[in-house]
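Content type mmCIF, C-alpha atoms, from the file start_17.cif:
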```cif
data_data
#
loop_
_atom_site.label_atom_id
_atom_site.label_comp_id
_atom_site.auth_asym_id
_atom_site.auth_seq_id
_atom_site.Cartn_x
_atom_site.Cartn_y
_atom_site.Cartn_z
CA ASP A 148 -15.44 -101.18 -31.85
CA VAL A 149 -17.92 -101.11 -29.00
CA LYS A 150 -21.45 -100.77 -30.19
CA VAL A 151 -24.11 -99.53 -27.81
CA THR A 152 -27.56 -98.91 -29.21
CA GLN A 153 -30.63 -97.37 -27.64
CA SER A 154 -34.15 -98.09 -28.78
CA SER A 155 -35.17 -94.51 -29.61
CA ARG A 156 -33.40 -91.20 -30.27
CA TYR A 157 -36.49 -89.12 -29.47
CA LEU A 158 -39.55 -90.06 -27.46
CA VAL A 159 -42.63 -88.09 -26.42
CA LYS A 160 -44.84 -89.54 -23.71
CA ARG A 161 -47.75 -88.35 -21.61
CA THR A 162 -47.74 -87.93 -17.85
CA GLY A 163 -48.58 -91.20 -16.12
CA GLU A 164 -47.52 -93.47 -18.98
CA LYS A 165 -45.15 -96.37 -18.38
CA VAL A 166 -42.02 -95.84 -20.46
CA PHE A 167 -39.45 -98.42 -21.53
CA LEU A 168 -35.98 -97.42 -22.69
CA GLU A 169 -33.87 -100.22 -24.04
CA CYS A 170 -30.12 -100.49 -24.38
CA VAL A 171 -28.24 -103.21 -26.22
CA GLN A 172 -24.48 -103.76 -26.40
CA ASP A 173 -22.45 -106.15 -28.50
CA MET A 174 -19.15 -106.20 -26.58
CA ASP A 175 -19.88 -108.74 -23.89
CA HIS A 176 -19.28 -106.19 -21.12
CA GLU A 177 -20.50 -107.16 -17.68
CA ASN A 178 -21.18 -103.63 -16.46
CA MET A 179 -23.96 -101.43 -17.77
CA PHE A 180 -25.26 -98.07 -16.61
CA TRP A 181 -28.18 -95.68 -17.05
CA TYR A 182 -27.63 -91.94 -16.66
CA ARG A 183 -29.72 -88.89 -17.22
CA GLN A 184 -28.17 -85.62 -18.29
CA ASP A 185 -29.70 -82.21 -17.70
CA PRO A 186 -28.23 -78.75 -18.35
CA GLY A 187 -26.19 -77.55 -15.40
CA LEU A 188 -26.56 -80.86 -13.53
CA GLY A 189 -24.19 -83.03 -15.53
CA LEU A 190 -24.47 -86.80 -15.76
CA ARG A 191 -26.41 -88.39 -12.94
CA LEU A 192 -26.40 -92.12 -12.34
CA ILE A 193 -29.84 -93.72 -12.12
CA TYR A 194 -29.10 -97.46 -11.96
CA PHE A 195 -26.30 -99.82 -12.84
CA SER A 196 -25.77 -103.53 -13.23
CA TYR A 197 -22.62 -105.62 -12.87
CA ASP A 198 -24.21 -108.88 -13.96
CA VAL A 199 -27.33 -110.45 -15.38
CA LYS A 200 -30.24 -110.26 -12.93
CA MET A 201 -28.22 -107.93 -10.74
CA LYS A 202 -29.06 -104.25 -10.32
CA GLU A 203 -27.91 -101.50 -8.02
CA LYS A 204 -29.39 -98.09 -7.32
CA GLY A 205 -27.40 -95.09 -8.38
CA ASP A 206 -27.72 -91.56 -7.11
CA ILE A 207 -31.25 -90.79 -8.35
CA PRO A 208 -33.26 -94.06 -8.63
CA GLU A 209 -36.62 -92.67 -7.51
CA GLY A 210 -39.31 -93.13 -10.12
CA TYR A 211 -37.23 -95.60 -12.14
CA SER A 212 -36.63 -99.31 -12.26
CA VAL A 213 -34.44 -101.52 -14.45
CA SER A 214 -34.36 -104.96 -15.93
CA ARG A 215 -31.43 -107.07 -17.07
CA GLU A 216 -32.57 -110.47 -18.23
CA LYS A 217 -29.70 -110.94 -20.70
CA LYS A 218 -26.11 -109.76 -20.54
CA GLU A 219 -26.37 -107.60 -23.63
CA ARG A 220 -29.62 -105.86 -22.75
CA PHE A 221 -30.33 -103.35 -19.99
CA SER A 222 -33.71 -101.67 -19.83
CA LEU A 223 -34.77 -98.56 -17.93
CA ILE A 224 -38.40 -98.29 -16.91
CA LEU A 225 -40.24 -95.16 -15.89
CA GLU A 226 -43.13 -96.58 -13.90
CA SER A 227 -45.35 -93.50 -14.23
CA ALA A 228 -43.75 -90.77 -16.28
CA SER A 229 -43.75 -87.26 -14.88
CA THR A 230 -42.75 -83.96 -16.44
CA ASN A 231 -39.63 -83.76 -14.24
CA GLN A 232 -38.37 -86.87 -15.99
CA THR A 233 -38.02 -84.97 -19.25
CA SER A 234 -34.32 -85.38 -19.97
CA MET A 235 -31.61 -86.97 -22.09
CA TYR A 236 -31.15 -90.60 -21.08
CA LEU A 237 -27.80 -92.23 -21.73
CA CYS A 238 -26.88 -95.88 -21.50
CA ALA A 239 -23.25 -96.92 -21.10
CA THR A 240 -21.23 -100.09 -20.87
CA GLU A 241 -17.93 -100.39 -19.06
CA ASP A 242 -14.92 -102.56 -19.77
CA SER A 243 -12.45 -104.06 -17.30
CA SER A 244 -10.37 -100.83 -17.34
CA TYR A 245 -13.41 -98.78 -16.28
CA GLU A 246 -13.64 -97.14 -19.70
CA GLN A 247 -17.28 -96.34 -20.42
CA TYR A 248 -18.89 -96.38 -23.84
CA PHE A 249 -22.14 -94.54 -24.38
CA GLY A 250 -25.10 -95.15 -26.60
CA PRO A 251 -26.46 -92.29 -28.72
CA GLY A 252 -28.96 -91.26 -26.06
CA THR A 253 -32.73 -90.92 -25.91
CA ARG A 254 -34.21 -87.47 -25.55
CA LEU A 255 -37.43 -88.04 -23.65
CA THR A 256 -40.12 -85.40 -23.37
CA VAL A 257 -43.00 -85.97 -20.95
CA THR A 258 -46.00 -83.72 -21.52
CA GLN B 139 -18.44 -81.56 -1.42
CA LYS B 140 -17.86 -81.69 -5.15
CA GLU B 141 -15.86 -84.79 -5.98
CA VAL B 142 -14.74 -83.88 -9.51
CA GLU B 143 -14.48 -80.21 -10.32
CA GLN B 144 -14.11 -78.52 -13.66
CA ASN B 145 -14.44 -74.93 -14.74
CA SER B 146 -17.69 -74.78 -16.70
CA GLY B 147 -16.30 -72.30 -19.24
CA PRO B 148 -16.75 -71.43 -21.96
CA LEU B 149 -13.05 -71.54 -22.64
CA SER B 150 -12.29 -69.69 -25.88
CA VAL B 151 -9.08 -70.58 -27.70
CA PRO B 152 -7.89 -69.35 -31.11
CA GLU B 153 -7.55 -71.93 -33.85
CA GLY B 154 -4.07 -73.42 -33.92
CA ALA B 155 -3.35 -72.64 -30.25
CA ILE B 156 -3.09 -75.06 -27.33
CA ALA B 157 -6.28 -75.61 -25.34
CA SER B 158 -5.70 -76.54 -21.70
CA LEU B 159 -8.51 -78.14 -19.71
CA ASN B 160 -8.19 -78.83 -16.00
CA CYS B 161 -9.90 -81.06 -13.50
CA THR B 162 -9.41 -81.58 -9.76
CA TYR B 163 -10.72 -84.46 -7.70
CA SER B 164 -11.17 -85.00 -3.99
CA ASP B 165 -10.66 -88.76 -3.53
CA ARG B 166 -7.01 -89.61 -2.89
CA GLY B 167 -7.80 -93.27 -3.61
CA SER B 168 -8.83 -92.62 -7.22
CA GLN B 169 -6.82 -94.77 -9.60
CA SER B 170 -8.28 -94.29 -13.07
CA PHE B 171 -8.86 -91.06 -14.93
CA PHE B 172 -10.65 -90.28 -18.17
CA TRP B 173 -11.47 -87.50 -20.57
CA TYR B 174 -14.67 -87.60 -22.63
CA ARG B 175 -15.68 -85.26 -25.42
CA GLN B 176 -19.34 -84.42 -25.92
CA TYR B 177 -20.61 -82.51 -28.91
CA SER B 178 -23.86 -80.59 -28.49
CA GLY B 179 -26.82 -82.97 -28.68
CA LYS B 180 -24.59 -86.06 -28.79
CA SER B 181 -23.43 -88.60 -26.23
CA PRO B 182 -20.01 -88.54 -24.51
CA GLU B 183 -17.14 -90.19 -26.34
CA LEU B 184 -14.00 -91.45 -24.59
CA ILE B 185 -10.87 -89.74 -25.89
CA MET B 186 -8.20 -90.41 -23.26
CA SER B 187 -7.56 -92.69 -20.28
CA ILE B 188 -4.65 -92.27 -17.88
CA TYR B 189 -3.78 -94.48 -14.94
CA SER B 190 -0.33 -93.36 -13.73
CA ASN B 191 1.37 -90.08 -12.94
CA GLY B 192 2.86 -88.17 -15.82
CA ASP B 193 1.89 -87.47 -19.40
CA LYS B 194 0.14 -89.63 -21.95
CA GLU B 195 0.03 -88.50 -25.55
CA ASP B 196 -2.34 -89.55 -28.32
CA GLY B 197 -2.12 -87.51 -31.48
CA ARG B 198 -2.95 -83.90 -30.68
CA PHE B 199 -4.16 -84.83 -27.20
CA THR B 200 -2.04 -85.08 -24.06
CA ALA B 201 -3.44 -86.11 -20.70
CA GLN B 202 -1.47 -85.15 -17.61
CA LEU B 203 -1.96 -86.70 -14.18
CA ASN B 204 -0.59 -85.50 -10.86
CA LYS B 205 -1.94 -87.67 -8.04
CA ALA B 206 -0.10 -85.78 -5.31
CA SER B 207 -1.88 -82.57 -6.27
CA GLN B 208 -5.07 -84.41 -7.28
CA TYR B 209 -5.46 -82.91 -10.69
CA VAL B 210 -5.69 -84.18 -14.22
CA SER B 211 -5.50 -82.04 -17.32
CA LEU B 212 -6.04 -82.37 -21.04
CA LEU B 213 -4.00 -80.44 -23.57
CA ILE B 214 -5.19 -80.14 -27.16
CA ARG B 215 -2.46 -78.98 -29.53
CA ASP B 216 -3.17 -77.22 -32.82
CA SER B 217 -6.80 -76.68 -31.81
CA GLN B 218 -9.35 -77.01 -34.60
CA PRO B 219 -12.93 -75.71 -34.80
CA SER B 220 -14.01 -79.37 -34.69
CA ASP B 221 -12.59 -79.55 -31.15
CA SER B 222 -15.36 -77.22 -29.97
CA ALA B 223 -17.31 -79.36 -27.52
CA THR B 224 -17.84 -80.00 -23.83
CA TYR B 225 -15.06 -82.02 -22.22
CA LEU B 226 -15.97 -84.22 -19.26
CA CYS B 227 -13.41 -85.36 -16.73
CA ALA B 228 -14.13 -88.65 -14.95
CA VAL B 229 -12.34 -90.49 -12.16
CA THR B 230 -12.95 -93.77 -10.36
CA SER B 231 -13.92 -93.74 -6.72
CA GLY B 232 -11.22 -95.12 -4.44
CA ARG B 233 -13.88 -96.91 -2.43
CA ASP B 234 -15.74 -98.90 -5.08
CA ASP B 235 -14.21 -97.97 -8.48
CA LYS B 236 -17.45 -96.34 -9.58
CA ILE B 237 -16.98 -93.62 -12.17
CA ILE B 238 -17.62 -90.06 -11.06
CA PHE B 239 -18.07 -87.45 -13.76
CA GLY B 240 -17.38 -83.76 -13.58
CA LYS B 241 -19.94 -81.41 -15.10
CA GLY B 242 -17.68 -80.55 -17.99
CA THR B 243 -15.88 -77.58 -19.53
CA ARG B 244 -17.25 -76.00 -22.70
CA LEU B 245 -14.47 -75.36 -25.18
CA HIS B 246 -14.90 -72.97 -28.08
CA ILE B 247 -12.23 -72.81 -30.76
CA LEU B 248 -12.28 -69.46 -32.52
CA PRO B 249 -11.65 -69.71 -36.30
#
```
As structure tokens, the full file:
Amino acid sequence: DVKVTQSSRYLVKRTGEKVFLECVQDMDHENMFWYRQDPGLGLRLIYFSYDVKMKEKGDIPEGYSVSREKKERFSLILESASTNQTSMYLCATEDSSYEQYFGPGTRLTVT
Amino acid sequence: QKEVEQNSGPLSVPEGAIASLNCTYSDRGSQSFFWYRQYSGKSPELIMSIYSNGDKEDGRFTAQLNKASQYVSLLIRDSQPSDSATYLCAVTSGRDDKIIFGKGTRLHILP
């Protein structure tokens, strides 16, 4: 069974804070993804990574950065949190058949 | 142009009936197709993958793919209240195999 874990289920941060969201997988998958999900907007891809040290921008990278120092760990960083970044953040890994497996999600509130 | 389209619903189906969920996609080069189930407040969970034309059955679930008409559907037989969820259709891009998600169809099984 694929196991994808995220560092927090719920997080409340203040505007301007730097926020770290961590994702860890135990299935040795090369590909990892960060999405945000908002009502009516569906899943939107923020960043993805196909290898250690490699990162690619998704559809909405502004205000975010990522880090992948080890294969199993993919971190999303909000450089200076803003209220419009209040959302559900989902990490996913992907196997060689393009099947994606999601972590439980982090519901982030920025006040 | 919407790349993966789904009716947002809600689709209401009586318990024990067949629920039929549909999805159309715009990229003729798409090769891989997926259905995810997402319960309210939870992360998406992969329930079916289909890669070739025709039907694929797994328990009460049947995925149907018609590449010529560019649609993929999910049938749920003997619908149960526990099937009430949002169902996300996803397809790979023909250009770079990136996953593209639809916004989902809300399914409500009436007891």
Point (-9.6, -79.2, -19.0) neighbourhood (9 Å, only C-alpha atoms) written as number ranges by chain
B: 144-145, 157-161, 173, 210-213, 225-227, 242-243, 245
Could you please tell me, as a CSV table (one decimal) with C-alpha atoms, in the coordinates of the input, which residues of chain B have an atom within 9 Å of chain A when using all atoms listed in the file?
```csv
chain,number,residue,atom,x,y,z
B,170,SER,CA,-8.3,-94.3,-13.1
B,172,PHE,CA,-10.6,-90.3,-18.2
B,179,GLY,CA,-26.8,-83.0,-28.7
B,180,LYS,CA,-24.6,-86.1,-28.8
B,181,SER,CA,-23.4,-88.6,-26.2
B,182,PRO,CA,-20.0,-88.5,-24.5
B,183,GLU,CA,-17.1,-90.2,-26.3
B,184,LEU,CA,-14.0,-91.4,-24.6
B,187,SER,CA,-7.6,-92.7,-20.3
B,230,THR,CA,-13.0,-93.8,-10.4
B,235,ASP,CA,-14.2,-98.0,-8.5
B,236,LYS,CA,-17.4,-96.3,-9.6
B,237,ILE,CA,-17.0,-93.6,-12.2
B,238,ILE,CA,-17.6,-90.1,-11.1
B,239,PHE,CA,-18.1,-87.4,-13.8
B,240,GLY,CA,-17.4,-83.8,-13.6
B,241,LYS,CA,-19.9,-81.4,-15.1
B,242,GLY,CA,-17.7,-80.6,-18.0
```
Starting from the PyMOL selection byres ((chain A and resi 155) around 9), expand the selection into actual residues of this file and give them as a list of chain:residue names.
A:Thr152, A:Gln153, A:Ser154, A:Arg156, A:Tyr157, A:Leu158, A:Leu168, A:Glu169, A:Gly252, A:Thr253, A:Arg254
For Asn231 (chain A), which residue out of A:Lys218, A:His176, A:Arg161, A:Lys204 is the nearest one, using all atoms listed in the file?
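Among A:Lys218, A:His176, A:Arg161, A:Lys204, it is A:Arg161 that comes nearest to Asn231 (chain A).
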Which residues are close to Asp165 (chain B), i.e. within 9 Å by only C-alpha atoms, leaving aside same-chain residues fewer than 4 positions away? Reply as number ranges by chain.
B: 141-142, 208, 229-233
Could you state the separation of CA of Pro148 (chain B) and CA of Asp193 (chain B) in Å, given to one decimal place?
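These two atoms are separated by 24.7 Å.
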Selection near Thr258 (chain A), 10 Å with only C-alpha atoms, sequence-local residues under 2 positions removed, as number ranges by chain
A: 159-163, 228-233, 255-256
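Taking CA of Arg166 (chain B) and CA of Arg183 (chain A) as the two end points, the separation is 26.9 Å.
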Give me, please, the distance in Å between CA of Met186 (chain B) and CA of Arg198 (chain B), quoted to one decimal.
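Straight-line distance from CA of Met186 (chain B) to CA of Arg198 (chain B) works out to 11.2 Å.
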Quick one: which residues end up in the PyMOL selection byres ((chain A and resi 194) around 8) for this structure, as a PDB file with C-alpha atoms, in the coordinates of the input?
```pdb
ATOM      1  CA  PHE A 180     -25.260 -98.070 -16.610  1.00  0.00           C
ATOM      2  CA  TRP A 181     -28.180 -95.680 -17.050  1.00  0.00           C
ATOM      3  CA  TYR A 182     -27.630 -91.940 -16.660  1.00  0.00           C
ATOM      4  CA  LEU A 192     -26.400 -92.120 -12.340  1.00  0.00           C
ATOM      5  CA  ILE A 193     -29.840 -93.720 -12.120  1.00  0.00           C
ATOM      6  CA  PHE A 195     -26.300 -99.820 -12.840  1.00  0.00           C
ATOM      7  CA  SER A 196     -25.770-103.530 -13.230  1.00  0.00           C
ATOM      8  CA  LYS A 202     -29.060-104.250 -10.320  1.00  0.00           C
ATOM      9  CA  GLU A 203     -27.910-101.500  -8.020  1.00  0.00           C
ATOM     10  CA  LYS A 204     -29.390 -98.090  -7.320  1.00  0.00           C
ATOM     11  CA  GLY A 205     -27.400 -95.090  -8.380  1.00  0.00           C
ATOM     12  CA  ASP A 206     -27.720 -91.560  -7.110  1.00  0.00           C
ATOM     13  CA  ILE A 207     -31.250 -90.790  -8.350  1.00  0.00           C
ATOM     14  CA  PRO A 208     -33.260 -94.060  -8.630  1.00  0.00           C
ATOM     15  CA  SER A 212     -36.630 -99.310 -12.260  1.00  0.00           C
ATOM     16  CA  VAL A 213     -34.440-101.520 -14.450  1.00  0.00           C
TER      17      VAL A 213
END
```
Determine, counting only C-alpha atoms, every residue of protein, DNA or RNA that lies within 9 Å of (-14.9, -67.9, -24.1) in the file coordinates, then give the result as number ranges by chain.
B: 147-151, 244-248
Enumerate, as a compact mmCIF listing (two decimals) with C-alpha atoms, in the coordinates of the input, the residues matched when the PyMOL selection byres ((chain A and resi 171-175) around 6) is run on the file above.
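Result file is out_34.txt:
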```txt
# COMPACT_ATOMS: atom_id res chain seq x y z
CA VAL A 149 -17.92 -101.11 -29.00
CA LYS A 150 -21.45 -100.77 -30.19
CA VAL A 151 -24.11 -99.53 -27.81
CA THR A 152 -27.56 -98.91 -29.21
CA CYS A 170 -30.12 -100.49 -24.38
CA HIS A 176 -19.28 -106.19 -21.12
CA GLU A 219 -26.37 -107.60 -23.63
CA ARG A 220 -29.62 -105.86 -22.75
```
How big is the axis-aligned box around the listed atoms of region 224-232 of chain A once 4 Å is added on each side, and where is its centre? Give both in Å to one decimal, as AutoDock Vina command-line options.
```
--center_x -41.9 --center_y -91.0 --center_z -15.4 --size_x 15.0 --size_y 22.5 --size_z 11.0
```
Is it possible to dump region 234-245 of chain A as a PDB file, in the first residue's frame, including just all heavy atoms?
```pdb
ATOM      1  N   SER A 234      -6.547  27.465   1.907  1.00  0.00           N
ATOM      2  CA  SER A 234      -6.979  26.414   0.986  1.00  0.00           C
ATOM      3  C   SER A 234      -6.687  25.042   1.598  1.00  0.00           C
ATOM      4  O   SER A 234      -6.060  24.923   2.650  1.00  0.00           O
ATOM      5  CB  SER A 234      -6.221  26.554  -0.341  1.00  0.00           C
ATOM      6  OG  SER A 234      -6.696  25.649  -1.316  1.00  0.00           O
ATOM      7  N   MET A 235      -7.118  24.007   0.888  1.00  0.00           N
ATOM      8  CA  MET A 235      -6.707  22.631   1.176  1.00  0.00           C
ATOM      9  C   MET A 235      -5.526  22.319   0.276  1.00  0.00           C
ATOM     10  O   MET A 235      -5.617  22.469  -0.950  1.00  0.00           O
ATOM     11  CB  MET A 235      -7.855  21.661   0.902  1.00  0.00           C
ATOM     12  CG  MET A 235      -7.445  20.198   0.930  1.00  0.00           C
ATOM     13  SD  MET A 235      -7.106  19.624   2.606  1.00  0.00           S
ATOM     14  CE  MET A 235      -8.636  18.767   2.934  1.00  0.00           C
ATOM     15  N   TYR A 236      -4.420  21.886   0.894  1.00  0.00           N
ATOM     16  CA  TYR A 236      -3.220  21.550   0.127  1.00  0.00           C
ATOM     17  C   TYR A 236      -3.041  20.034   0.121  1.00  0.00           C
ATOM     18  O   TYR A 236      -3.057  19.381   1.169  1.00  0.00           O
ATOM     19  CB  TYR A 236      -1.997  22.243   0.718  1.00  0.00           C
ATOM     20  CG  TYR A 236      -2.021  23.723   0.450  1.00  0.00           C
ATOM     21  CD1 TYR A 236      -2.667  24.603   1.316  1.00  0.00           C
ATOM     22  CD2 TYR A 236      -1.447  24.242  -0.709  1.00  0.00           C
ATOM     23  CE1 TYR A 236      -2.734  25.958   1.043  1.00  0.00           C
ATOM     24  CE2 TYR A 236      -1.507  25.597  -0.988  1.00  0.00           C
ATOM     25  CZ  TYR A 236      -2.155  26.447  -0.103  1.00  0.00           C
ATOM     26  OH  TYR A 236      -2.218  27.792  -0.392  1.00  0.00           O
ATOM     27  N   LEU A 237      -2.871  19.499  -1.069  1.00  0.00           N
ATOM     28  CA  LEU A 237      -2.769  18.054  -1.248  1.00  0.00           C
ATOM     29  C   LEU A 237      -1.461  17.701  -1.931  1.00  0.00           C
ATOM     30  O   LEU A 237      -1.116  18.266  -2.969  1.00  0.00           O
ATOM     31  CB  LEU A 237      -3.940  17.552  -2.097  1.00  0.00           C
ATOM     32  CG  LEU A 237      -5.309  17.640  -1.433  1.00  0.00           C
ATOM     33  CD1 LEU A 237      -6.421  17.608  -2.472  1.00  0.00           C
ATOM     34  CD2 LEU A 237      -5.494  16.511  -0.446  1.00  0.00           C
ATOM     35  N   CYS A 238      -0.779  16.743  -1.328  1.00  0.00           N
ATOM     36  CA  CYS A 238       0.434  16.190  -1.922  1.00  0.00           C
ATOM     37  C   CYS A 238       0.074  14.864  -2.571  1.00  0.00           C
ATOM     38  O   CYS A 238      -0.808  14.137  -2.070  1.00  0.00           O
ATOM     39  CB  CYS A 238       1.474  15.990  -0.827  1.00  0.00           C
ATOM     40  SG  CYS A 238       2.957  15.113  -1.354  1.00  0.00           S
ATOM     41  N   ALA A 239       0.714  14.540  -3.668  1.00  0.00           N
ATOM     42  CA  ALA A 239       0.475  13.258  -4.327  1.00  0.00           C
ATOM     43  C   ALA A 239       1.772  12.691  -4.872  1.00  0.00           C
ATOM     44  O   ALA A 239       2.686  13.442  -5.243  1.00  0.00           O
ATOM     45  CB  ALA A 239      -0.541  13.423  -5.454  1.00  0.00           C
ATOM     46  N   THR A 240       1.854  11.382  -4.914  1.00  0.00           N
ATOM     47  CA  THR A 240       2.928  10.715  -5.637  1.00  0.00           C
ATOM     48  C   THR A 240       2.319  10.031  -6.854  1.00  0.00           C
ATOM     49  O   THR A 240       1.105   9.834  -6.931  1.00  0.00           O
ATOM     50  CB  THR A 240       3.654   9.665  -4.783  1.00  0.00           C
ATOM     51  OG1 THR A 240       2.778   8.537  -4.584  1.00  0.00           O
ATOM     52  CG2 THR A 240       4.049  10.220  -3.441  1.00  0.00           C
ATOM     53  N   GLU A 241       3.152   9.648  -7.770  1.00  0.00           N
ATOM     54  CA  GLU A 241       2.669   9.049  -9.015  1.00  0.00           C
ATOM     55  C   GLU A 241       3.549   7.859  -9.376  1.00  0.00           C
ATOM     56  O   GLU A 241       4.784   7.958  -9.352  1.00  0.00           O
ATOM     57  CB  GLU A 241       2.704  10.089 -10.130  1.00  0.00           C
ATOM     58  CG  GLU A 241       2.147   9.624 -11.461  1.00  0.00           C
ATOM     59  CD  GLU A 241       2.207  10.742 -12.479  1.00  0.00           C
ATOM     60  OE1 GLU A 241       3.276  10.881 -13.120  1.00  0.00           O
ATOM     61  OE2 GLU A 241       1.217  11.458 -12.655  1.00  0.00           O
ATOM     62  N   ASP A 242       2.909   6.754  -9.743  1.00  0.00           N
ATOM     63  CA  ASP A 242       3.704   5.591 -10.147  1.00  0.00           C
ATOM     64  C   ASP A 242       3.950   5.600 -11.659  1.00  0.00           C
ATOM     65  O   ASP A 242       3.571   6.548 -12.352  1.00  0.00           O
ATOM     66  CB  ASP A 242       3.039   4.295  -9.670  1.00  0.00           C
ATOM     67  CG  ASP A 242       1.712   4.004 -10.358  1.00  0.00           C
ATOM     68  OD1 ASP A 242       1.413   4.617 -11.396  1.00  0.00           O
ATOM     69  OD2 ASP A 242       0.962   3.151  -9.832  1.00  0.00           O
ATOM     70  N   SER A 243       4.548   4.550 -12.154  1.00  0.00           N
ATOM     71  CA  SER A 243       4.938   4.498 -13.566  1.00  0.00           C
ATOM     72  C   SER A 243       3.732   4.363 -14.501  1.00  0.00           C
ATOM     73  O   SER A 243       3.878   4.527 -15.714  1.00  0.00           O
ATOM     74  CB  SER A 243       5.916   3.348 -13.798  1.00  0.00           C
ATOM     75  OG  SER A 243       5.345   2.130 -13.374  1.00  0.00           O
ATOM     76  N   SER A 244       2.555   4.082 -13.963  1.00  0.00           N
ATOM     77  CA  SER A 244       1.327   4.013 -14.774  1.00  0.00           C
ATOM     78  C   SER A 244       0.515   5.297 -14.664  1.00  0.00           C
ATOM     79  O   SER A 244      -0.653   5.319 -15.048  1.00  0.00           O
ATOM     80  CB  SER A 244       0.460   2.829 -14.319  1.00  0.00           C
ATOM     81  OG  SER A 244       1.143   1.621 -14.477  1.00  0.00           O
ATOM     82  N   TYR A 245       1.122   6.318 -14.086  1.00  0.00           N
ATOM     83  CA  TYR A 245       0.485   7.631 -13.914  1.00  0.00           C
ATOM     84  C   TYR A 245      -0.645   7.619 -12.890  1.00  0.00           C
ATOM     85  O   TYR A 245      -1.433   8.560 -12.822  1.00  0.00           O
ATOM     86  CB  TYR A 245      -0.013   8.210 -15.250  1.00  0.00           C
ATOM     87  CG  TYR A 245       1.070   8.249 -16.287  1.00  0.00           C
ATOM     88  CD1 TYR A 245       1.085   7.346 -17.345  1.00  0.00           C
ATOM     89  CD2 TYR A 245       2.108   9.177 -16.194  1.00  0.00           C
ATOM     90  CE1 TYR A 245       2.105   7.366 -18.287  1.00  0.00           C
ATOM     91  CE2 TYR A 245       3.123   9.201 -17.135  1.00  0.00           C
ATOM     92  CZ  TYR A 245       3.120   8.295 -18.178  1.00  0.00           C
ATOM     93  OH  TYR A 245       4.134   8.307 -19.100  1.00  0.00           O
TER      94      TYR A 245
END
```
